[in-house]
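As stored in work29.csv (CSV, C-alpha atoms):
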chain,number,residue,atom,x,y,z
A,28,MET,CA,173.3,126.9,102.4
A,29,SER,CA,175.8,125.3,100.1
A,30,ARG,CA,174.6,122.2,98.3
A,31,GLU,CA,177.7,121.7,96.2
A,32,PRO,CA,179.2,118.2,96.2
A,33,ILE,CA,182.0,117.8,98.8
A,34,ASP,CA,185.5,117.4,97.5
A,35,PRO,CA,187.1,114.8,99.8
A,36,GLU,CA,190.5,116.2,99.0
A,37,LYS,CA,189.6,119.6,100.5
A,38,MET,CA,187.4,118.4,103.3
A,39,THR,CA,188.3,119.7,106.8
A,40,ILE,CA,187.0,119.0,110.3
A,41,GLU,CA,186.0,122.6,110.5
A,42,GLY,CA,184.2,122.4,107.2
A,43,ILE,CA,182.2,119.4,108.3
A,44,PHE,CA,181.0,121.1,111.5
A,45,ARG,CA,180.3,124.3,109.6
A,46,ALA,CA,178.2,122.4,107.1
A,47,LYS,CA,176.3,120.5,109.9
A,48,ASP,CA,175.7,123.9,111.6
A,49,GLU,CA,174.3,125.4,108.4
A,50,TRP,CA,172.1,122.4,107.9
A,51,ARG,CA,170.7,122.7,111.5
A,52,LYS,CA,170.0,126.4,111.0
A,53,ALA,CA,168.3,125.8,107.6
A,54,GLN,CA,166.1,123.2,109.2
A,55,ALA,CA,165.3,125.5,112.1
A,56,ASN,CA,164.3,128.2,109.7
A,57,LEU,CA,161.7,126.1,108.0
A,58,PRO,CA,158.1,127.3,108.5
A,59,PHE,CA,156.5,125.9,111.7
A,60,GLU,CA,153.9,124.0,109.7
A,61,GLU,CA,156.6,122.3,107.7
A,62,LYS,CA,158.5,121.3,110.9
A,63,ILE,CA,155.2,119.8,112.3
A,64,ASN,CA,154.9,117.8,109.1
A,65,ILE,CA,158.4,116.4,109.6
A,66,LEU,CA,157.4,115.5,113.2
A,67,LYS,CA,154.4,113.7,112.0
A,68,LYS,CA,156.6,111.6,109.7
A,69,LEU,CA,159.0,110.9,112.6
A,70,GLN,CA,156.0,109.8,114.7
A,71,ALA,CA,154.8,107.5,112.0
A,72,LEU,CA,158.3,105.9,111.7
A,73,ALA,CA,158.5,105.5,115.5
A,74,ALA,CA,155.0,103.8,115.5
A,75,GLN,CA,156.2,101.4,112.8
A,76,ILE,CA,159.4,100.6,114.8
A,77,ARG,CA,157.3,100.0,118.0
A,78,GLN,CA,154.9,97.8,116.0
A,79,ALA,CA,157.8,95.7,114.6
A,80,GLU,CA,159.4,95.3,118.0
A,81,ARG,CA,156.2,94.1,119.7
A,82,PRO,CA,156.3,90.4,118.4
A,83,SER,CA,159.9,89.9,119.5
A,84,GLN,CA,159.1,91.4,123.0
A,85,ASP,CA,156.1,89.1,123.2
A,86,ASN,CA,158.4,86.1,122.4
A,87,LYS,CA,160.7,87.0,125.3
A,88,LYS,CA,157.9,86.7,127.8
B,594,MET,CA,147.6,119.8,114.4
B,595,GLU,CA,145.4,122.6,113.3
B,596,LYS,CA,142.3,120.7,114.4
B,597,VAL,CA,143.7,120.5,118.0
B,598,LEU,CA,144.3,124.2,118.0
B,599,GLN,CA,140.8,124.8,116.9
B,600,VAL,CA,139.5,122.6,119.7
B,601,LEU,CA,141.6,124.6,122.2
B,602,ASN,CA,140.3,127.9,120.9
B,603,ARG,CA,136.8,126.5,121.2
B,604,MET,CA,137.5,125.4,124.8
B,605,GLN,CA,138.6,128.9,125.6
B,606,ALA,CA,135.6,130.5,123.9
B,607,ASP,CA,133.3,128.2,125.9
B,608,GLY,CA,135.0,129.1,129.2
B,609,VAL,CA,136.4,125.6,129.8
B,610,ILE,CA,139.9,127.0,130.0
B,611,GLU,CA,140.7,130.6,130.7
B,612,LYS,CA,144.3,131.0,129.4
B,613,PHE,CA,146.6,128.5,127.7
B,614,ALA,CA,149.8,128.3,125.7
B,615,ILE,CA,151.8,125.6,124.0
B,616,GLY,CA,155.1,124.8,125.7
B,617,GLY,CA,157.3,121.7,125.8
B,618,GLY,CA,158.6,119.9,122.7
B,619,ILE,CA,156.2,121.5,120.2
B,620,ALA,CA,157.1,125.0,121.3
B,621,THR,CA,160.8,124.0,121.1
B,622,ILE,CA,160.2,122.9,117.5
B,623,ARG,CA,158.9,126.3,116.6
B,624,TYR,CA,162.4,127.7,117.3
B,625,LEU,CA,164.7,124.7,116.5
B,626,GLN,CA,164.8,122.0,113.9
B,627,ALA,CA,162.1,119.3,114.2
B,628,TYR,CA,162.8,116.4,116.5
B,629,PHE,CA,160.8,113.5,117.8
B,630,THR,CA,158.2,114.2,120.5
B,631,ASP,CA,155.1,112.3,121.4
B,632,ASP,CA,152.7,114.9,122.6
B,633,ILE,CA,151.5,118.5,122.8
B,634,ASP,CA,151.9,120.1,126.2
B,635,ILE,CA,149.2,122.7,126.9
B,636,PHE,CA,149.9,124.9,129.9
B,637,ILE,CA,146.7,126.2,131.4
B,638,SER,CA,146.1,129.0,133.8
B,639,PRO,CA,144.6,129.5,136.3
B,640,VAL,CA,145.1,126.1,138.0
B,641,VAL,CA,141.7,124.7,139.1
B,642,VAL,CA,141.8,123.1,142.5
B,643,ALA,CA,139.1,120.7,143.8
B,644,PRO,CA,137.7,121.0,147.3
B,645,ASN,CA,140.0,118.1,148.3
B,646,GLY,CA,143.0,120.4,147.5
B,647,LEU,CA,144.0,118.5,144.4
B,648,VAL,CA,144.3,119.9,140.9
B,649,THR,CA,141.3,118.9,138.9
B,650,PHE,CA,140.8,118.4,135.1
B,651,CYS,CA,137.2,117.3,135.4
B,652,LYS,CA,135.8,120.2,133.4
B,653,ILE,CA,138.3,119.7,130.6
B,654,TYR,CA,138.0,115.9,130.5
B,655,SER,CA,134.2,115.9,130.5
B,656,TYR,CA,134.0,118.7,127.8
B,657,LEU,CA,136.4,116.8,125.6
B,658,ALA,CA,134.6,113.5,126.2
B,659,ASP,CA,131.4,115.1,125.0
B,660,LEU,CA,133.3,115.9,121.7
B,661,GLY,CA,134.4,112.3,121.5
B,662,TYR,CA,138.0,112.8,122.7
B,663,ASN,CA,139.0,110.4,125.5
B,664,THR,CA,141.9,109.8,127.8
B,665,GLU,CA,144.9,107.6,126.7
B,666,ARG,CA,147.4,107.0,129.5
B,667,GLU,CA,148.1,110.5,131.0
B,668,TYR,CA,147.0,112.2,127.8
B,669,ILE,CA,143.8,113.0,125.9
B,670,ARG,CA,143.8,112.0,122.3
B,671,ILE,CA,142.5,114.8,120.1
B,672,GLU,CA,142.3,113.6,116.5
B,673,GLU,CA,145.8,112.1,115.9
B,674,TRP,CA,147.6,113.9,118.7
B,675,LEU,CA,148.2,113.1,122.3
B,676,VAL,CA,147.5,116.2,124.3
B,677,GLN,CA,148.6,116.8,127.8
B,678,PHE,CA,147.1,119.6,129.9
B,679,VAL,CA,149.7,120.9,132.4
B,680,PRO,CA,148.6,123.3,135.2
B,681,ALA,CA,150.8,126.3,135.1
B,682,SER,CA,151.6,126.0,138.8
B,683,GLU,CA,155.1,127.5,138.8
B,684,SER,CA,155.4,131.3,138.5
B,685,VAL,CA,157.6,131.1,135.4
B,686,GLN,CA,154.9,128.9,133.8
B,687,GLN,CA,152.2,131.4,134.7
B,688,GLU,CA,154.2,134.2,133.2
B,689,ALA,CA,154.9,132.1,130.1
B,690,VAL,CA,151.2,131.7,129.6
B,691,GLU,CA,150.4,135.3,130.3
B,692,ARG,CA,153.0,136.5,127.8
B,693,ALA,CA,152.7,133.8,125.2
B,694,GLU,CA,153.2,134.8,121.6
B,695,ARG,CA,150.1,134.7,119.3
B,696,VAL,CA,151.0,132.9,116.1
B,697,MET,CA,149.1,131.5,113.1
B,698,PHE,CA,149.2,127.8,112.3
B,699,GLY,CA,147.7,127.4,108.9
B,700,GLY,CA,144.6,129.5,109.3
B,701,THR,CA,144.2,129.1,113.0
B,702,PRO,CA,145.6,131.5,115.7
B,703,THR,CA,147.3,130.0,118.7
B,704,LEU,CA,149.5,130.8,121.6
B,705,ILE,CA,153.1,129.5,122.1
B,706,PHE,CA,155.7,130.2,124.8
B,707,SER,CA,158.2,132.9,123.8
B,708,ILE,CA,161.7,131.6,123.2
B,709,GLU,CA,162.9,133.3,126.4
B,710,HIS,CA,160.1,131.8,128.6
B,711,LEU,CA,160.6,128.4,127.0
B,712,ALA,CA,164.3,128.5,127.9
B,713,ALA,CA,163.5,129.6,131.4
B,714,GLU,CA,161.0,126.8,131.9
B,715,LEU,CA,163.4,124.3,130.5
B,716,LEU,CA,166.0,125.7,132.9
B,717,ARG,CA,163.6,125.3,135.8
B,718,SER,CA,162.8,121.7,134.8
B,719,GLY,CA,166.5,121.1,134.7
B,720,ARG,CA,166.9,117.6,133.2
B,721,MET,CA,169.9,116.9,131.0
B,722,LYS,CA,167.7,117.0,127.9
B,723,ASP,CA,166.2,120.3,129.0
B,724,HIS,CA,169.6,121.8,129.4
B,725,VAL,CA,170.7,120.6,126.0
B,726,ARG,CA,167.7,122.4,124.5
B,727,VAL,CA,168.5,125.6,126.4
B,728,VAL,CA,171.9,125.4,124.7
B,729,ALA,CA,170.4,124.9,121.3
B,730,LEU,CA,167.9,127.8,121.9
B,731,ILE,CA,170.7,130.2,122.9
B,732,GLU,CA,172.9,129.1,120.0
B,733,SER,CA,170.0,129.7,117.6
B,734,GLU,CA,170.6,133.4,118.1
B,735,GLN,CA,166.9,134.2,118.3
B,736,MET,CA,167.0,134.8,122.0
B,737,ASP,CA,167.2,138.2,123.7
B,738,MET,CA,169.6,137.3,126.6
B,739,ASP,CA,168.5,140.4,128.6
B,740,ILE,CA,164.9,139.2,128.6
B,741,LEU,CA,166.1,135.7,129.6
B,742,ARG,CA,168.1,137.2,132.5
B,743,GLY,CA,165.1,139.2,133.6
B,744,ILE,CA,162.9,136.1,133.7
B,745,ILE,CA,165.6,134.1,135.5
B,746,SER,CA,165.9,136.9,138.1
B,747,ARG,CA,162.1,137.4,138.6
B,748,HIS,CA,161.4,133.7,139.1
B,749,ARG,CA,164.4,132.9,141.3
B,750,LEU,CA,166.1,130.7,138.8
B,751,ILE,CA,169.5,132.1,139.4
B,752,GLU,CA,170.7,128.9,141.1
B,753,LYS,CA,169.4,126.9,138.2
B,754,TRP,CA,171.2,129.2,135.8
B,755,ASP,CA,174.4,128.8,137.7
B,756,ALA,CA,174.1,125.0,137.6
B,757,PHE,CA,173.4,125.2,133.9
B,758,SER,CA,176.4,127.5,133.3
B,759,ALA,CA,178.7,125.2,135.3
B,760,ARG,CA,177.5,122.2,133.4
B,761,PHE,CA,178.2,123.8,130.0
B,762,SER,CA,180.9,126.2,131.0
B,763,TRP,CA,178.6,128.9,129.7
B,764,ARG,CA,180.3,131.9,131.4
B,765,ASN,CA,183.3,131.3,129.2
B,766,ARG,CA,181.2,131.7,126.1
B,767,GLU,CA,179.5,135.0,126.9
This structure in structure tokens:
Amino acid sequence: MSREPIDPEKMTIEGIFRAKDEWRKAQANLPFEEKINILKKLQALAAQIRQAERPSQDNKK
Amino acid sequence: MEKVLQVLNRMQADGVIEKFAIGGGIATIRYLQAYFTDDIDIFISPVVVAPNGLVTFCKIYSYLADLGYNTEREYIRIEEWLVQFVPASESVQQEAVERAERVMFGGTPTLIFSIEHLAAELLRSGRMKDHVRVVALIESEQMDMDILRGIISRHRLIEKWDAFSARFSWRNRE
């Protein structure tokens, strides 16, 4: 996957979608254990967000 | 997650569950990029039915309670994971469990739905988010489409496939 900086003068819609597709494929090809580690981080973030939202929900009641 | 897999293997060795395989979001993550999911879906076979005709999880729940793992909403919390035991009551789910792929996670062996059975089960489930994942699984180019067609045919999912194809104009892409 190309990690070269994008030249805004040469950027095309096709290029953007191609880069996104390559990124998705690279992420999918990570080892399963690594993907589960990413998921654990996502779950921790979600828990923080839920925690932060709880006081404002309580105030609405 | 490895600890959960070790507990599952122990449950199987102790005869609490006969056959099992991971499906759902965790199985999908094996084939696609990681995305958020809350729980681990464990499909179990055969389905145990109580004398009253209802599916029972008593043996599983009491075994896990003895290990210190208790229910939390519709799940059982094993270490830091919410685990849901799903009876493989549909024929495609039963076959997915029977033919699950044996993989290693860290140093622990486990069983996960094949990509084709996972796609077929998502197709059967049929929600929009399931269909979106079927698209992603097909586009990942890991799938043997002949195997998928065989599963669809064996488990009478042709109407579901047609609905999916219509929704995503899939015929035009093949």
- Could you jot down the CA of Tyr628 (chain B) to CA of Leu69 (chain A) separation for me, Å, one decimal place? 7.7 Å
- Message: If I take CA of Ala689 (chain B) and CA of Ser707 (chain B), how far is one from the other in Å, to one decimal?
- Response: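 These two atoms are separated by 7.2 Å.
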As lines of an AutoDock Vina configuration file: centre and edge lengths in Å, one decimal, of the axis-aligned box holding region 600-612 of chain B with 5 Å per side:
center_x = 138.8
center_y = 126.8
center_z = 125.2
size_x = 21.0
size_y = 18.4
size_z = 21.0
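In plain terms, chain A touches chain B through Arg51, Gln54, Ala55, Phe59, Glu60, Lys62, Ile65, Leu66, Leu69 and Gln70 of chain A, where touching means an atom at most 7 Å away, counting all atoms listed in the file.
Of the listed residues B:Gln605, B:Gln677, B:Ser655, B:Ser682, the one whose atoms come nearest to Val641 (chain B) is B:Ser682, with distances taken using only C-alpha atoms.
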- Query: Please, what distance in Å, to one decimal, runs between CA of Leu730 (chain B) and CA of Gly618 (chain B)?
  - Reply: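 Computing it gives 12.2 Å between the two atoms.
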Quick one: region 56-86 of chain A with N, CA and C atoms, as a compact mmCIF listing (two decimals), in the first residue's frame?
# COMPACT_ATOMS: atom_id res chain seq x y z
N ASN A 56 -6.23 -7.56 6.04
CA ASN A 56 -5.15 -8.56 5.99
C ASN A 56 -4.31 -8.62 7.28
N LEU A 57 -4.62 -7.76 8.23
CA LEU A 57 -3.89 -7.83 9.51
C LEU A 57 -4.17 -9.18 10.18
N PRO A 58 -3.24 -9.66 11.00
CA PRO A 58 -3.51 -10.91 11.74
C PRO A 58 -4.77 -10.77 12.60
N PHE A 59 -5.50 -11.86 12.74
CA PHE A 59 -6.75 -11.88 13.51
C PHE A 59 -6.55 -11.29 14.91
N GLU A 60 -5.46 -11.70 15.57
CA GLU A 60 -5.20 -11.23 16.94
C GLU A 60 -5.08 -9.71 16.97
N GLU A 61 -4.43 -9.16 15.93
CA GLU A 61 -4.24 -7.70 15.88
C GLU A 61 -5.59 -7.00 15.68
N LYS A 62 -6.46 -7.60 14.86
CA LYS A 62 -7.77 -7.01 14.63
C LYS A 62 -8.61 -7.05 15.92
N ILE A 63 -8.46 -8.12 16.70
CA ILE A 63 -9.18 -8.19 17.98
C ILE A 63 -8.65 -7.12 18.95
N ASN A 64 -7.35 -6.85 18.90
CA ASN A 64 -6.79 -5.77 19.72
C ASN A 64 -7.39 -4.42 19.32
N ILE A 65 -7.57 -4.20 18.03
CA ILE A 65 -8.21 -2.96 17.54
C ILE A 65 -9.63 -2.89 18.09
N LEU A 66 -10.34 -4.03 18.00
CA LEU A 66 -11.72 -4.07 18.52
C LEU A 66 -11.76 -3.73 20.01
N LYS A 67 -10.82 -4.26 20.77
CA LYS A 67 -10.80 -3.96 22.21
C LYS A 67 -10.66 -2.45 22.45
N LYS A 68 -9.82 -1.80 21.61
CA LYS A 68 -9.66 -0.34 21.75
C LYS A 68 -10.96 0.38 21.38
N LEU A 69 -11.65 -0.11 20.35
CA LEU A 69 -12.94 0.48 19.96
C LEU A 69 -13.96 0.32 21.09
N GLN A 70 -13.96 -0.86 21.73
CA GLN A 70 -14.90 -1.11 22.83
C GLN A 70 -14.60 -0.18 24.01
N ALA A 71 -13.30 0.05 24.26
CA ALA A 71 -12.92 0.95 25.37
C ALA A 71 -13.39 2.38 25.07
N LEU A 72 -13.23 2.81 23.82
CA LEU A 72 -13.69 4.14 23.42
C LEU A 72 -15.21 4.26 23.57
N ALA A 73 -15.92 3.22 23.11
CA ALA A 73 -17.39 3.24 23.20
C ALA A 73 -17.83 3.32 24.66
N ALA A 74 -17.13 2.59 25.52
CA ALA A 74 -17.48 2.61 26.95
C ALA A 74 -17.28 4.01 27.53
N GLN A 75 -16.19 4.67 27.12
CA GLN A 75 -15.93 6.05 27.59
C GLN A 75 -17.04 6.99 27.14
N ILE A 76 -17.45 6.84 25.87
CA ILE A 76 -18.51 7.71 25.33
C ILE A 76 -19.81 7.49 26.09
N ARG A 77 -20.16 6.21 26.31
CA ARG A 77 -21.38 5.89 27.06
C ARG A 77 -21.33 6.49 28.46
N GLN A 78 -20.16 6.38 29.08
CA GLN A 78 -19.96 6.91 30.43
C GLN A 78 -20.16 8.43 30.43
N ALA A 79 -19.59 9.09 29.42
CA ALA A 79 -19.67 10.55 29.34
C ALA A 79 -21.09 11.02 29.08
N GLU A 80 -21.87 10.22 28.35
CA GLU A 80 -23.24 10.61 28.01
C GLU A 80 -24.20 10.40 29.17
N ARG A 81 -23.83 9.53 30.09
CA ARG A 81 -24.76 9.15 31.15
C ARG A 81 -25.23 10.35 32.00
N PRO A 82 -24.33 11.27 32.46
CA PRO A 82 -24.84 12.39 33.27
C PRO A 82 -25.84 13.26 32.52
N SER A 83 -25.59 13.52 31.22
CA SER A 83 -26.51 14.38 30.48
C SER A 83 -27.86 13.69 30.29
N GLN A 84 -27.84 12.35 30.14
CA GLN A 84 -29.11 11.62 30.04
C GLN A 84 -29.87 11.68 31.36
N ASP A 85 -29.10 11.56 32.46
CA ASP A 85 -29.73 11.61 33.78
C ASP A 85 -30.38 12.98 34.01
N ASN A 86 -29.72 14.07 33.51
CA ASN A 86 -30.26 15.41 33.69
C ASN A 86 -31.58 15.63 32.95
